[in-house]
$ cat protein05.cif   # mmCIF, C-alpha atoms
data_protein
#
loop_
_atom_site.group_PDB
_atom_site.id
_atom_site.type_symbol
_atom_site.label_atom_id
_atom_site.label_comp_id
_atom_site.auth_asym_id
_atom_site.auth_seq_id
_atom_site.Cartn_x
_atom_site.Cartn_y
_atom_site.Cartn_z
ATOM 1 C CA MET E 2 0.000 0.000 0.000
ATOM 2 C CA ASP E 3 1.450 3.374 -0.993
ATOM 3 C CA VAL E 4 1.204 6.696 0.807
ATOM 4 C CA CYS E 5 -1.294 8.182 -1.678
ATOM 5 C CA LEU E 6 -3.790 5.356 -1.199
ATOM 6 C CA VAL E 7 -3.554 5.575 2.592
ATOM 7 C CA ILE E 8 -4.245 9.310 2.526
ATOM 8 C CA GLN E 9 -7.160 8.925 0.110
ATOM 9 C CA GLN E 10 -8.755 6.186 2.218
ATOM 10 C CA ARG E 11 -8.314 8.157 5.431
ATOM 11 C CA LEU E 12 -9.847 11.291 3.933
ATOM 12 C CA LYS E 13 -12.869 9.227 2.863
ATOM 13 C CA GLN E 14 -13.209 7.612 6.300
ATOM 14 C CA LEU E 15 -13.144 10.985 8.052
ATOM 15 C CA GLY E 16 -15.374 12.683 5.481
ATOM 16 C CA LEU E 17 -12.702 15.287 4.655
ATOM 17 C CA GLU E 18 -11.666 16.982 1.423
ATOM 18 C CA GLN E 19 -8.289 17.580 -0.202
ATOM 19 C CA ARG E 20 -8.576 21.296 0.562
ATOM 20 C CA ASP E 21 -8.906 20.470 4.277
ATOM 21 C CA LEU E 22 -5.703 18.437 4.127
ATOM 22 C CA ALA E 23 -3.931 21.189 2.180
ATOM 23 C CA ALA E 24 -4.883 23.766 4.809
ATOM 24 C CA ALA E 25 -3.648 21.503 7.624
ATOM 25 C CA ALA E 26 -0.322 20.879 5.859
ATOM 26 C CA GLN E 27 -0.023 24.579 4.900
ATOM 27 C CA VAL E 28 0.434 23.841 1.209
ATOM 28 C CA THR E 29 -1.681 24.516 -1.875
ATOM 29 C CA GLU E 30 -4.619 22.311 -2.805
ATOM 30 C CA SER E 31 -2.949 21.807 -6.196
ATOM 31 C CA TYR E 32 0.107 20.286 -4.512
ATOM 32 C CA VAL E 33 -2.026 17.813 -2.537
ATOM 33 C CA SER E 34 -3.995 16.932 -5.669
ATOM 34 C CA GLN E 35 -0.830 16.171 -7.670
ATOM 35 C CA LEU E 36 0.514 14.108 -4.780
ATOM 36 C CA LEU E 37 -2.657 12.029 -4.443
ATOM 37 C CA THR E 38 -3.018 11.475 -8.211
ATOM 38 C CA ARG E 39 0.655 10.385 -8.358
ATOM 39 C CA LYS E 40 1.576 13.187 -10.745
ATOM 40 C CA LYS E 41 4.107 14.195 -8.107
ATOM 41 C CA ALA E 42 6.319 11.703 -6.268
ATOM 42 C CA PRO E 43 6.013 11.673 -2.459
ATOM 43 C CA PRO E 44 8.766 13.865 -0.989
ATOM 44 C CA ALA E 45 11.566 12.426 1.148
ATOM 45 C CA ALA E 46 10.618 12.329 4.830
ATOM 46 C CA ASN E 47 13.813 14.076 5.943
ATOM 47 C CA ARG E 48 13.267 16.971 3.526
ATOM 48 C CA THR E 49 9.728 17.970 4.450
ATOM 49 C CA ASP E 50 7.421 18.482 7.405
ATOM 50 C CA ILE E 51 4.115 17.701 5.679
ATOM 51 C CA TYR E 52 3.962 14.061 6.793
ATOM 52 C CA GLU E 53 3.979 15.050 10.447
ATOM 53 C CA LYS E 54 1.218 17.615 9.842
ATOM 54 C CA MET E 55 -0.809 15.144 7.754
ATOM 55 C CA ASN E 56 -0.395 12.361 10.334
ATOM 56 C CA THR E 57 -1.815 14.631 13.032
ATOM 57 C CA PHE E 58 -4.679 15.855 10.861
ATOM 58 C CA LEU E 59 -5.643 12.377 9.621
ATOM 59 C CA LYS E 60 -5.207 10.854 13.110
ATOM 60 C CA LEU E 61 -2.753 8.237 11.879
ATOM 61 C CA PRO E 62 -0.007 6.548 13.959
ATOM 62 C CA LYS E 63 3.058 8.735 14.286
ATOM 63 C CA GLY E 64 5.519 8.211 11.444
ATOM 64 C CA GLN E 65 3.221 5.996 9.341
ATOM 65 C CA LEU E 66 3.087 8.239 6.260
ATOM 66 C CA ALA E 67 6.819 8.972 6.376
ATOM 67 C CA THR E 68 7.629 5.253 6.562
ATOM 68 C CA LEU E 69 5.357 4.452 3.619
ATOM 69 C CA ALA E 70 6.801 7.323 1.586
ATOM 70 C CA GLU E 71 10.393 6.202 2.155
ATOM 71 C CA SER E 72 9.528 2.637 1.147
ATOM 72 C CA GLN E 73 7.866 3.903 -2.016
ATOM 73 C CA ARG E 74 10.821 6.146 -2.844
ATOM 74 C CA ARG E 75 13.278 3.252 -2.442
ATOM 75 C CA GLU E 76 11.350 1.211 -5.007
ATOM 76 C CA GLU E 77 11.369 4.138 -7.439
ATOM 77 C CA LEU E 78 15.099 4.634 -6.889
ATOM 78 C CA LYS E 79 15.841 1.016 -7.815
ATOM 79 C CA LYS E 80 14.146 1.598 -11.159
ATOM 80 C CA LYS E 81 16.021 4.855 -11.797
ATOM 81 C CA LEU E 82 19.433 3.364 -11.019
ATOM 82 C CA ALA E 83 19.020 1.000 -13.937
ATOM 83 C CA ASP E 84 19.050 3.967 -16.335
ATOM 84 C CA SER E 85 21.817 6.489 -17.060
ATOM 85 C CA PRO E 86 21.177 9.904 -15.460
ATOM 86 C CA ALA E 87 19.713 12.471 -17.843
ATOM 87 C CA PRO E 88 21.828 15.591 -18.411
ATOM 88 C CA LEU E 89 20.727 18.995 -17.163
ATOM 89 C CA SER E 90 18.258 20.731 -19.440
ATOM 90 C CA ARG E 91 19.645 23.553 -21.570
ATOM 91 C CA GLU E 92 17.680 26.117 -19.547
ATOM 92 C CA VAL E 93 19.008 24.862 -16.193
ATOM 93 C CA ARG E 94 22.571 24.733 -17.496
ATOM 94 C CA GLU E 95 22.246 28.287 -18.822
ATOM 95 C CA LEU E 96 20.968 29.567 -15.489
ATOM 96 C CA ILE E 97 23.857 27.884 -13.632
ATOM 97 C CA ILE E 98 26.372 29.449 -16.015
ATOM 98 C CA LEU E 99 24.803 32.915 -15.839
ATOM 99 C CA LYS E 100 25.153 32.862 -12.055
ATOM 100 C CA CYS E 101 28.888 32.215 -12.446
ATOM 101 C CA ARG E 102 31.321 35.103 -12.022
ATOM 102 C CA SER E 103 31.450 36.929 -15.364
ATOM 103 C CA GLU E 104 35.227 36.505 -15.854
ATOM 104 C CA ARG E 105 34.872 32.729 -15.473
ATOM 105 C CA GLN E 106 31.718 32.120 -17.518
ATOM 106 C CA ARG E 107 33.352 31.422 -20.889
ATOM 107 C CA GLN E 108 35.785 28.900 -19.403
ATOM 108 C CA VAL E 109 33.041 27.138 -17.434
ATOM 109 C CA ARG E 110 30.726 27.045 -20.446
ATOM 110 C CA GLU E 111 33.399 25.351 -22.559
ATOM 111 C CA ILE E 112 33.906 22.651 -19.923
ATOM 112 C CA PHE E 113 30.157 22.074 -19.519
ATOM 113 C CA GLU E 114 29.584 21.782 -23.262
ATOM 114 C CA LYS E 115 32.430 19.302 -23.799
ATOM 115 C CA GLN E 116 30.735 16.781 -21.549
ATOM 116 C CA SER E 117 27.135 15.692 -21.272
ATOM 117 C CA PHE E 118 26.404 16.102 -17.571
ATOM 118 C CA GLY E 119 30.069 15.786 -16.658
ATOM 119 C CA GLU E 120 31.647 15.731 -13.207
ATOM 120 C CA LEU E 121 32.202 19.491 -12.929
ATOM 121 C CA GLU E 122 28.638 20.330 -13.922
ATOM 122 C CA ARG E 123 27.211 17.848 -11.396
ATOM 123 C CA LEU E 124 29.562 19.050 -8.670
ATOM 124 C CA ILE E 125 28.700 22.733 -9.047
ATOM 125 C CA THR E 126 24.967 22.181 -9.507
ATOM 126 C CA GLN E 127 24.778 19.927 -6.432
ATOM 127 C CA LYS E 128 26.704 22.414 -4.274
ATOM 128 C CA LEU E 129 24.434 25.281 -5.326
ATOM 129 C CA LEU E 130 21.413 23.134 -4.502
ATOM 130 C CA ASP E 131 22.878 22.052 -1.148
ATOM 131 C CA VAL E 132 23.523 25.638 -0.051
ATOM 132 C CA ALA E 133 20.113 26.947 -1.155
ATOM 133 C CA LYS E 134 18.310 23.981 0.417
ATOM 134 C CA ARG E 135 20.191 24.403 3.683
ATOM 135 C CA VAL E 136 18.928 27.976 3.984
ATOM 136 C CA ALA E 137 15.388 26.921 3.042
ATOM 137 C CA ARG E 138 15.403 24.059 5.565
ATOM 138 C CA GLU E 139 16.627 26.318 8.375
ATOM 139 C CA GLU E 140 14.025 28.982 7.632
ATOM 140 C CA LEU E 141 11.044 26.743 6.837
ATOM 141 C CA GLU E 142 9.413 27.365 10.231
ATOM 142 C CA ASN E 143 10.147 31.103 10.082
ATOM 143 C CA GLU E 144 6.816 32.591 8.996
ATOM 144 C CA GLN E 145 8.241 36.059 8.349
ATOM 145 C CA TRP E 146 10.964 34.638 6.117
ATOM 146 C CA LEU E 147 8.365 32.664 4.158
ATOM 147 C CA ARG E 148 6.278 35.802 3.732
ATOM 148 C CA ASN E 149 9.350 37.659 2.455
ATOM 149 C CA VAL E 150 9.898 34.906 -0.114
ATOM 150 C CA ALA E 151 6.223 35.061 -1.107
ATOM 151 C CA LYS E 152 6.415 38.823 -1.490
ATOM 152 C CA LEU E 153 9.546 38.560 -3.583
ATOM 153 C CA ARG E 154 7.836 35.991 -5.819
ATOM 154 C CA HIS E 155 4.427 37.766 -5.814
ATOM 155 C CA GLN E 156 2.792 34.653 -4.358
ATOM 156 C CA SER E 157 0.625 33.663 -1.421
ATOM 157 C CA TYR E 158 2.145 32.264 1.760
ATOM 158 C CA GLU E 159 0.863 28.752 0.931
ATOM 159 C CA GLU E 160 2.218 28.937 -2.633
ATOM 160 C CA ALA E 161 5.669 29.977 -1.401
ATOM 161 C CA ARG E 162 5.723 27.235 1.247
ATOM 162 C CA THR E 163 4.658 24.620 -1.327
ATOM 163 C CA ILE E 164 7.407 25.654 -3.743
ATOM 164 C CA ILE E 165 10.035 25.478 -0.993
ATOM 165 C CA LEU E 166 8.898 21.989 0.066
ATOM 166 C CA GLU E 167 9.147 20.845 -3.555
ATOM 167 C CA PHE E 168 12.578 22.445 -3.867
ATOM 168 C CA LEU E 169 13.831 20.676 -0.718
ATOM 169 C CA ASP E 170 12.989 17.352 -2.321
ATOM 170 C CA THR E 171 15.013 17.917 -5.496
ATOM 171 C CA ASP E 172 18.590 16.863 -6.275
ATOM 172 C CA VAL E 173 21.050 17.174 -9.128
ATOM 173 C CA PHE E 174 19.270 14.434 -11.081
ATOM 174 C CA THR E 175 15.769 15.874 -10.718
ATOM 175 C CA VAL E 176 16.301 19.647 -10.676
ATOM 176 C CA SER E 177 14.044 21.432 -13.156
ATOM 177 C CA VAL E 178 13.756 24.887 -14.691
ATOM 178 C CA GLY E 179 10.881 25.560 -12.302
ATOM 179 C CA HIS E 180 13.016 24.724 -9.260
ATOM 180 C CA CYS E 181 15.776 27.022 -10.467
ATOM 181 C CA ALA E 182 13.495 29.902 -11.366
ATOM 182 C CA SER E 183 11.436 29.691 -8.187
ATOM 183 C CA PHE E 184 14.189 29.409 -5.595
ATOM 184 C CA LEU E 185 17.728 28.674 -6.748
ATOM 185 C CA ALA E 186 17.975 31.814 -8.919
ATOM 186 C CA PRO E 187 16.675 34.220 -6.233
ATOM 187 C CA MET E 188 18.767 32.606 -3.471
ATOM 188 C CA ILE E 189 22.155 32.508 -5.259
ATOM 189 C CA ASP E 190 23.659 35.863 -6.195
ATOM 190 C CA SER E 191 26.768 34.410 -7.822
ATOM 191 C CA TRP E 192 29.364 31.663 -7.625
ATOM 192 C CA ASP E 193 32.990 31.186 -8.631
ATOM 193 C CA ILE E 194 35.385 28.247 -8.835
ATOM 194 C CA ASP E 195 39.150 27.885 -8.868
ATOM 195 C CA LEU E 196 39.681 25.254 -11.546
ATOM 196 C CA THR E 197 43.083 24.314 -10.082
ATOM 197 C CA THR E 198 41.988 23.566 -6.507
ATOM 198 C CA PHE E 199 38.234 23.214 -7.205
ATOM 199 C CA ALA E 200 37.544 25.664 -4.386
ATOM 200 C CA ILE E 201 34.008 27.052 -4.761
ATOM 201 C CA GLU E 202 32.749 30.371 -3.431
ATOM 202 C CA ILE E 203 28.982 30.959 -3.339
ATOM 203 C CA ARG E 204 27.436 34.377 -2.623
ATOM 204 C CA LEU E 205 23.868 34.421 -1.277
ATOM 205 C CA ASN E 206 21.009 36.911 -1.548
ATOM 206 C CA ARG E 207 21.190 39.262 1.458
ATOM 207 C CA LEU E 208 17.394 39.486 1.617
ATOM 208 C CA LEU E 209 16.916 35.726 1.945
ATOM 209 C CA SER E 210 19.939 34.553 3.924
ATOM 210 C CA SER E 211 21.732 35.784 7.026
ATOM 211 C CA LYS E 212 24.916 34.153 5.710
ATOM 212 C CA GLN E 213 26.518 36.071 2.844
ATOM 213 C CA GLU E 214 29.146 33.622 1.559
ATOM 214 C CA VAL E 215 29.802 29.883 1.637
ATOM 215 C CA HIS E 216 33.144 28.303 0.694
ATOM 216 C CA PHE E 217 34.024 24.721 -0.289
ATOM 217 C CA GLN E 218 37.526 23.261 -0.707
ATOM 218 C CA PHE E 219 38.126 20.020 -2.596
ATOM 219 C CA THR E 220 41.921 19.574 -2.515
ATOM 220 C CA GLU E 221 43.703 17.397 0.019
ATOM 221 C CA ARG E 222 45.657 19.439 2.540
ATOM 222 C CA ASP E 223 47.703 18.986 5.695
ATOM 223 C CA GLU E 224 45.607 20.477 8.470
ATOM 224 C CA THR E 225 48.627 20.897 10.750
ATOM 225 C CA THR E 226 50.177 23.400 8.347
ATOM 226 C CA LEU E 227 47.112 25.595 7.926
ATOM 227 C CA GLU E 228 47.441 27.481 11.203
ATOM 228 C CA SER E 229 50.384 28.281 13.444
ATOM 229 C CA PRO E 230 50.370 26.379 16.755
ATOM 230 C CA GLU E 231 49.298 28.306 19.832
ATOM 231 C CA PRO E 232 52.281 29.849 21.690
ATOM 232 C CA GLY E 233 51.178 28.130 24.900
ATOM 233 C CA PHE E 234 51.114 24.779 23.105
ATOM 234 C CA GLN E 235 54.652 25.301 21.778
ATOM 235 C CA GLU E 236 55.835 26.124 25.303
ATOM 236 C CA PHE E 237 54.045 23.025 26.602
ATOM 237 C CA LEU E 238 55.919 20.845 24.080
ATOM 238 C CA GLY E 239 59.227 22.449 25.046
ATOM 239 C CA ARG E 240 58.849 21.630 28.746
ATOM 240 C CA ALA E 241 59.603 17.960 29.283
ATOM 241 C CA ASN E 242 58.193 18.012 32.799
ATOM 242 C CA LEU E 243 54.768 18.869 31.320
ATOM 243 C CA SER E 244 54.647 17.003 28.002
ATOM 244 C CA GLY E 245 57.384 14.378 28.343
ATOM 245 C CA ASP E 246 55.060 11.370 28.725
ATOM 246 C CA ALA E 247 52.327 12.535 26.301
ATOM 247 C CA THR E 248 51.513 10.096 23.499
ATOM 248 C CA GLU E 249 51.375 11.063 19.831
ATOM 249 C CA GLU E 250 47.578 10.769 19.875
ATOM 250 C CA GLU E 251 47.323 13.062 22.903
ATOM 251 C CA ILE E 252 49.670 15.603 21.299
ATOM 252 C CA GLU E 253 47.543 15.701 18.131
ATOM 253 C CA PHE E 254 44.394 16.225 20.191
ATOM 254 C CA LEU E 255 45.954 19.161 22.066
ATOM 255 C CA ARG E 256 47.389 20.607 18.847
ATOM 256 C CA ALA E 257 43.902 20.698 17.278
ATOM 257 C CA LEU E 258 42.432 22.885 20.046
ATOM 258 C CA ARG E 259 41.585 26.384 18.739
ATOM 259 C CA PHE E 260 40.757 29.599 20.594
ATOM 260 C CA LYS E 261 39.247 32.735 19.063
ATOM 261 C CA GLU E 262 40.306 35.340 21.628
ATOM 262 C CA ARG E 263 42.196 33.917 24.612
ATOM 263 C CA GLN E 264 45.681 32.452 24.423
ATOM 264 C CA PRO E 265 46.058 29.483 26.797
ATOM 265 C CA SER E 266 49.276 28.906 28.709
ATOM 266 C CA ALA E 267 51.468 25.800 28.803
ATOM 267 C CA MET E 268 49.873 24.892 32.133
ATOM 268 C CA TYR E 269 46.425 24.894 30.484
ATOM 269 C CA TYR E 270 47.576 22.213 28.020
ATOM 270 C CA TYR E 271 49.063 20.186 30.876
ATOM 271 C CA ARG E 272 45.762 20.273 32.757
ATOM 272 C CA GLU E 273 43.857 19.459 29.572
ATOM 273 C CA LEU E 274 46.152 16.445 29.141
ATOM 274 C CA GLN E 275 45.289 15.246 32.653
ATOM 275 C CA ASN E 276 41.560 15.760 31.952
ATOM 276 C CA LEU E 277 41.936 13.711 28.781
ATOM 277 C CA ARG E 278 43.481 10.855 30.741
ATOM 278 C CA ASP E 279 40.966 10.868 33.585
ATOM 279 C CA PRO E 280 38.413 8.090 32.829
ATOM 280 C CA LEU E 281 35.837 9.796 35.058
ATOM 281 C CA HIS E 282 35.438 12.485 32.381
ATOM 282 C CA PHE E 283 34.160 10.043 29.749
ATOM 283 C CA GLN E 284 30.754 8.359 29.772
ATOM 284 C CA ASN E 285 31.864 5.113 28.121
ATOM 285 C CA SER E 286 34.862 4.409 30.339
ATOM 286 C CA PRO E 287 34.793 1.266 32.522
ATOM 287 C CA ILE E 288 35.536 3.243 35.672
ATOM 288 C CA HIS E 289 32.740 5.719 34.937
ATOM 289 C CA LYS E 290 30.296 2.870 34.424
ATOM 290 C CA ARG E 291 31.343 1.180 37.664
ATOM 291 C CA ARG E 292 30.795 4.392 39.571
ATOM 292 C CA ASP E 293 27.352 5.199 38.151
ATOM 293 C CA GLY E 294 24.184 5.248 40.268
ATOM 294 C CA ASP E 295 25.113 4.887 43.920
ATOM 295 C CA ASN E 296 28.854 5.471 43.385
ATOM 296 C CA ALA E 297 28.810 8.570 45.590
ATOM 297 C CA GLU E 298 27.654 6.471 48.533
ATOM 298 C CA LYS E 299 30.224 3.790 47.731
ATOM 299 C CA ARG E 300 33.014 6.352 47.643
ATOM 300 C CA HIS E 301 31.801 7.699 50.962
ATOM 301 C CA GLN E 302 31.902 4.191 52.449
ATOM 302 C CA VAL E 303 35.415 3.602 51.122
ATOM 303 C CA ASP E 304 36.596 6.966 52.482
ATOM 304 C CA SER E 305 35.039 6.154 55.851
ATOM 305 C CA ARG E 306 36.854 2.808 55.991
ATOM 306 C CA LYS E 307 40.165 4.479 55.068
ATOM 307 C CA SER E 308 39.629 7.103 57.775
ATOM 308 C CA ALA E 309 38.830 4.403 60.323
ATOM 309 C CA ILE E 310 41.992 2.461 59.374
ATOM 310 C CA ARG E 311 44.112 5.629 59.708
ATOM 311 C CA ARG E 312 42.631 6.360 63.152
ATOM 312 C CA TRP E 313 43.232 2.750 64.233
ATOM 313 C CA ARG E 314 46.865 2.946 63.116
ATOM 314 C CA LYS E 315 47.393 6.193 64.992
ATOM 315 C CA ASN E 316 45.816 4.767 68.152
ATOM 316 C CA ALA E 317 47.901 1.603 67.808
ATOM 317 C CA LYS E 318 51.115 3.657 67.545
ATOM 318 C CA ARG E 319 50.164 5.670 70.627
ATOM 319 C CA SER E 320 49.419 2.489 72.571
ATOM 320 C CA ARG E 321 52.786 0.966 71.648
ATOM 321 C CA ALA E 322 54.554 4.243 72.547
ATOM 322 C CA LYS E 323 52.929 4.219 76.006
ATOM 323 C CA ASP E 324 53.826 0.591 76.590
ATOM 324 C CA ASN E 325 57.453 1.330 75.770
#
$ encode --input "protein05.cif" --output "structure tokens"
Amino acid sequence: MDVCLVIQQRLKQLGLEQRDLAAAAQVTESYVSQLLTRKKAPPAANRTDIYEKMNTFLKLPKGQLATLAESQRREELKKKLADSPAPLSREVRELIILKCRSERQRQVREIFEKQSFGELERLITQKLLDVAKRVAREELENEQWLRNVAKLRHQSYEEARTIILEFLDTDVFTVSVGHCASFLAPMIDSWDIDLTTFAIEIRLNRLLSSKQEVHFQFTERDETTLESPEPGFQEFLGRANLSGDATEEEIEFLRALRFKERQPSAMYYYRELQNLRDPLHFQNSPIHKRRDGDNAEKRHQVDSRKSAIRRWRKNAKRSRAKDN
């Protein structure tokens, strides 16, 4: 049984209409209609919030629609994997190129046109989608942001929300001209790529995103050479009494610590090393597990016994001293 059939049956049982479901899910009636007539594939559960809203409205067990949708999508994916991926449409490719930095457009266009849906085209398109979708996902529950998008697109709140939900469910193999025109184009101001290192810089629309730029780096690099070690860490390494018994793994952990404003001393790194070694500071350590629950009482009992033994020893010494 697929998700569409379950929804249709439940609507009939409750005597409800598609428009009622659309209002509850805060999407357009057209979107619900296309979903229920299978003109539109059910969206991925982790890219939308409509299943949760529909579950509540239709009084279905929690997670039922999402589980059915994921099962249905897996079956569709098996069929798609048997075919070669279709290249980007000419309109989508043109939009991606036009968003590229003007000085780089000719070079990028030549690479795109040499290959039919080649690696570079897929890489750039997917990164642009990832960045735009991340912003949309973070802002989906922000009503004011959605209204700003609707105003920018001259649409209703429900229309804007529906378009964003559809956009969240797309990927590099399914992106359409509509997806690009409705959200990708307004969200991305421009992008640029260094064709030597494949570093990508993406600039976002200030009106739709609080973050202005996003950077990606695709070359292998030695992280230890990217930033100078903290002065306190260098001093820590130079003092054998502090770092002499530290293992290579512990040194690498301490080296990776970063501080925006303060500069820790050598003694800070020494204390951090001791904290790292103390099993009580880690939930999965055997000692921590042994001392869970009533360990405070057990420690108190042990301390009491030790105190009693010390007092007995002192009294015994005094007794022997008197006898002598």
$ resolve_selection --input "protein05.cif" --expression "the PyMOL selection byres ((chain E and resi 261-278) around 10)" --output "MDAnalysis selection string"
chainID E and resid 231:240 242:244 247 251:252 254:256 258:260 279:283
$ closest_atom_pairs --input "protein05.cif" --of "range 28-137 of chain E" --to "range 161-166 of chain E" --cutoff "8 Å" --atoms "only C-alpha atoms" --output "CSV"
residue,atom,partner,partner_atom,distance
E:Val28,CA,E:Thr163,CA,5.0
E:Thr29,CA,E:Thr163,CA,6.4
E:Tyr32,CA,E:Thr163,CA,7.0
E:Arg48,CA,E:Leu166,CA,7.5
E:Thr49,CA,E:Leu166,CA,6.0
E:Ala137,CA,E:Ile165,CA,6.9
$ resolve_selection --input "protein05.cif" --expression "the PyMOL selection byres ((chain E and resi 178) around 8)" --output "list in words"
Ser90, Glu92, Val93, Val176, Ser177, Gly179, His180, Cys181 and Ala182 of chain E
$ closest_residue --input "protein05.cif" --among "E:Ile112, E:Ala24, E:Leu124, E:Leu96" --to "Glu159 in chain E" --atoms "all atoms listed in the file"
E:Ala24
$ atom_distance --input "protein05.cif" --atom1 "CA of Met55 in chain E" --atom2 "CA of Val33 in chain E"
10.7 Å
$ atom_distance --input "protein05.cif" --atom1 "CA of Gly16 in chain E" --atom2 "CA of Ser157 in chain E"
27.3 Å
$ closest_residue --input "protein05.cif" --among "E:Glu18, E:Phe184, E:Leu169, E:Ile189" --to "Glu30 in chain E" --atoms "all atoms listed in the file"
E:Glu18
$ resolve_selection --input "protein05.cif" --expression "the PyMOL selection byres ((chain E and resi 212) around 12)" --output "list in words"
Val132, Ala133, Arg135, Val136, Glu139, Met188, Ile189, Ile203, Arg204, Leu205, Asn206, Arg207, Leu208, Leu209, Ser210, Ser211, Gln213, Glu214, Val215 and His216 of chain E
$ atom_distance --input "protein05.cif" --atom1 "CA of Val7 in chain E" --atom2 "CA of Lys60 in chain E"
11.9 Å
$ closest_residue --input "protein05.cif" --among "E:Lys40, E:Arg105, E:Lys100, E:Lys63" --to "Asp195 in chain E" --atoms "only C-alpha atoms"
E:Arg105
$ residues_around --input "protein05.cif" --residues "Asp193 in chain E" --least-positions-apart "6" --cutoff "7 Å" --atoms "all atoms listed in the file" --output "ChimeraX atom specification"
/E:101-102,201-203
$ closest_residue --input "protein05.cif" --among "E:Lys128, E:Arg107, E:Lys115, E:Arg39" --to "Gln218 in chain E" --atoms "all atoms listed in the file"
E:Lys128
$ residues_near_point --input "protein05.cif" --point "(13.7, 17.8, 2.3)" --cutoff "9 Å" --atoms "all atoms listed in the file" --output "ChimeraX atom specification"
/E:44-50,134,138,166-171
$ residues_around --input "protein05.cif" --residues "Gln14 in chain E" --least-positions-apart "5" --cutoff "10 Å" --atoms "only C-alpha atoms" --output "PyMOL selection string"
chain E and resi 8-9+59
$ closest_residue --input "protein05.cif" --among "E:Ala241, E:Leu121, E:Val109, E:Ala26" --to "Glu53 in chain E" --atoms "only C-alpha atoms"
E:Ala26
$ residues_around --input "protein05.cif" --residues "Gln127 in chain E" --least-positions-apart "5" --cutoff "9 Å" --atoms "all atoms listed in the file" --output "PyMOL selection string"
chain E and resi 122+132+172-173
$ closest_residue --input "protein05.cif" --among "E:Ile98, E:Leu147, E:Ala67, E:Leu22" --to "Asp3 in chain E" --atoms "all atoms listed in the file"
E:Ala67
